[in-house]
Structure formats: C-alpha cells, structure tokens
Amino acid sequence: MDNILYLCFFAFMAGFIDSVVGGGGLIQLPALLIFLPGASLPTIFGTGKFAGIAGTTAAMIRYVRTVKINYLAILPAAGAAFVFSFLGARALSHLDADLLKPLILLLLILVAVYTFTKKDFGSLHAPKLTASKERLYGLLIGATIGFYDGFFGPGTGSFLIFIFIGIFGFNFLAASAAAKVVNVATNLSALLYFGYKGYIMYEVAIPMAVCSIIGSQLGTRTALKRGVGFVRVLFLVVVSGIILKFAYDTYGTGSDFTKLATSVQAWFGRKG
C-alpha cells in the first residue's frame, strides 16, 4: 500500500508536467522501476502506459474544449503516429537504442538554445502552412515521432511542441494541445499491445491513472490560466532536465537506462 501511495504521488506529478509540456514519463517510469522491483519489464511499461494515457487523454479533452485545434493537420499526424509507434516498438529487436542518445542529446540542446534565445518563439499563433502542406507535414511528423516514441520515447512531447511551433506556426498553448492528440495516439498503440498480452497491474495502474488525471487537470488549468509565458518557461525547464538525463545516461555512469534499453530490446526480440 505504501508503494502504491508513492506511485500515485509520482503519477500526479507526471500528469501535471506532461499535460503542459510533456516529459511526464521521465518522472513516472523511474518511480515504477523503484517501487515495483519484482515486476517484469513489460508489466512496468504496461502499467505506466495505462496511467500515462489516462492523464494525457484528460489533458487533451480539456485542451480541445478550450484551444482551437486544426484537426485537418493533427488527425493525419495522430493516425500515422499510431501506426508507426507500434513499428518503432518492433524495431527494438533489431536496432540499438543507445546509438540514438548522442543525436537526441544534440537535438534537445539545439531546441533549448533556440527557444531560449528567440524570445518570441511560440508567443504568437500564426499558422504558416497551406492546408495541403499541413496534412502532408502532419503525416510525415506523425510517422517520424510515432516511430521514435515506440522505439525510444523520452522527450516525445517536447519534440512535438517544438515542431508544431517551429514548422506549423502554433503558439505554445496550441502546440501543447496538438501534441496531446498525437501523444494519445502513440500511447494507445503501445497500451493495446501490453493490454492484449496481459502486462498491466490494474490494482496499481487504476489508482495511478486517477492521480494522473487529477495532475493533468491541474496542469492544464494552470497552463490555460497562466498563458503562453508560463508554458514557455516550464518547457525550457523540462527540456533542460531531459538534457541532463540524456547527458548522464550517455557520458556518465548512468548504467540503469542502458540496462533498461537492452532489456526492452531483448524482450521484444523474444516476443518477435
């Protein structure tokens, strides 16, 4: 019971952060690994996905009711992300996720530097693509980010927000809302797989999901009330945290993540 209470707290925090700028998995996954030491790796992932998608969906619903979303661009992205997230997960048995770390670390640093130096980045909502280009770019981005989320995952929400601002011309709130729609699709793809295989501890996942929803509602309400400036600052904080985590895993002594990635690859290889 104590472990479930701890996990509920971290699910609440993950739901809050993820609802605004993404990155909730960096809080929730380590907590699951610590407080469910006897659980198998697929059960950890399945339980986490169940809790995570609950918070993400709740945040998406609240954003949809408040922020105008361009569905002609976002729904194709979500559909492509759903399919390619599964393909990315399958690719774990053939590729080494650790090879991506230096590249992702560099991209995250560039994202943080660009966002920090360009003060008006994401402050105005000024879509700059034609309808046909929005659909085409949506498909391409959905496929790319969906594959990445299924294959590796960390920073997916932050990458989506940056892309929707930089390429589509959305502001931070609109980009956060769009990112939630795509994120729900990628999470659902993985959740269906884990649920079908029976890798969800519902006695843990359900209370975590409730707390994740509460956190996401509070986070979404705060973002909508505080506006674009608040989201921008929190985005920079979260991206900086992800950069530090990646740097530690890549060049420090952070062997836990390497072991985790290797275990995931081995597990998907056995299930192939």
# chains A, B, ... in the order shown; residues from 1 in each chain; ligands from 1

$ residues_around --residues "region 193-207 of chain A" --least-positions-apart "5" --cutoff "12 Å" --atoms "only C-alpha atoms" --output "PyMOL selection string"
chain A and resi 1-12+28+32+35-36+38-55+82+85-87+89-90+150+186-188+212-214+268+271

$ select_by_dssp --residues "region 24-263 of chain A" --states "helix (DSSP H, G or I)" --output "ChimeraX atom specification"
/A:25-35,41-66,71-91,97-117,131-151,156-166,172-196,202-226,228-251,255-263

$ closest_residue --among "A:Ile167, A:Ile145, A:Leu108, A:Ala223" --to "Ser19 (chain A)" --atoms "only C-alpha atoms"
A:Ala223

$ closest_residue --among "A:Ser189, A:Thr117, A:Thr156, A:Thr220" --to "Gly25 (chain A)" --atoms "only C-alpha atoms"
A:Thr156

$ closest_residue --among "A:Lys119, A:Lys180, A:Lys68, A:Arg135" --to "Val233 (chain A)" --atoms "only C-alpha atoms"
A:Lys119

$ residues_around --residues "Gly24 (chain A)" --least-positions-apart "4" --cutoff "6 Å" --atoms "only C-alpha atoms" --output "list in words"
Ala14, Ile17 and Asp18 of chain A

$ write_last_selection --atoms "N, CA and C atoms" --output "PDB file, in the first residue's frame"
ATOM      1  N   ALA A  14       3.705  13.547 -12.640  1.00  0.00           N
ATOM      2  CA  ALA A  14       3.914  13.273 -14.068  1.00  0.00           C
ATOM      3  C   ALA A  14       2.748  13.811 -14.890  1.00  0.00           C
ATOM      4  N   ILE A  17       3.086  17.754 -15.148  1.00  0.00           N
ATOM      5  CA  ILE A  17       4.138  18.189 -16.078  1.00  0.00           C
ATOM      6  C   ILE A  17       3.787  17.816 -17.511  1.00  0.00           C
ATOM      7  N   ASP A  18       3.330  16.583 -17.706  1.00  0.00           N
ATOM      8  CA  ASP A  18       3.070  16.099 -19.053  1.00  0.00           C
ATOM      9  C   ASP A  18       1.933  16.864 -19.719  1.00  0.00           C
TER      10      ASP A  18
END

$ residues_around --residues "Ala175 (chain A)" --least-positions-apart "6" --cutoff "10 Å" --atoms "only C-alpha atoms" --output "MDAnalysis selection string"
chainID A and resid 20:21 67 69 122 125 157:158 160:166 168:169

$ atom_distance --atom1 "CA of Ile243 (chain A)" --atom2 "CA of Leu105 (chain A)"
6.1 Å

$ closest_residue --among "A:Pro30, A:Pro127, A:Gly142, A:Gly215" --to "Ala80 (chain A)" --atoms "only C-alpha atoms"
A:Gly142

$ closest_residue --among "A:Phe170, A:Phe159, A:Phe235, A:Phe147" --to "Phe116 (chain A)" --atoms "only C-alpha atoms"
A:Phe235

$ residues_around --residues "region 236-241 of chain A" --least-positions-apart "4" --cutoff "7 Å" --atoms "only C-alpha atoms" --output "VMD selection string"
chain A and resid 23 108 112 232 245

$ atom_distance --atom1 "CA of Leu103 (chain A)" --atom2 "CA of Lys128 (chain A)"
28.0 Å

$ closest_residue --among "A:Ala131, A:Ala185, A:Val231, A:Tyr251" --to "Tyr71 (chain A)" --atoms "only C-alpha atoms"
A:Ala131
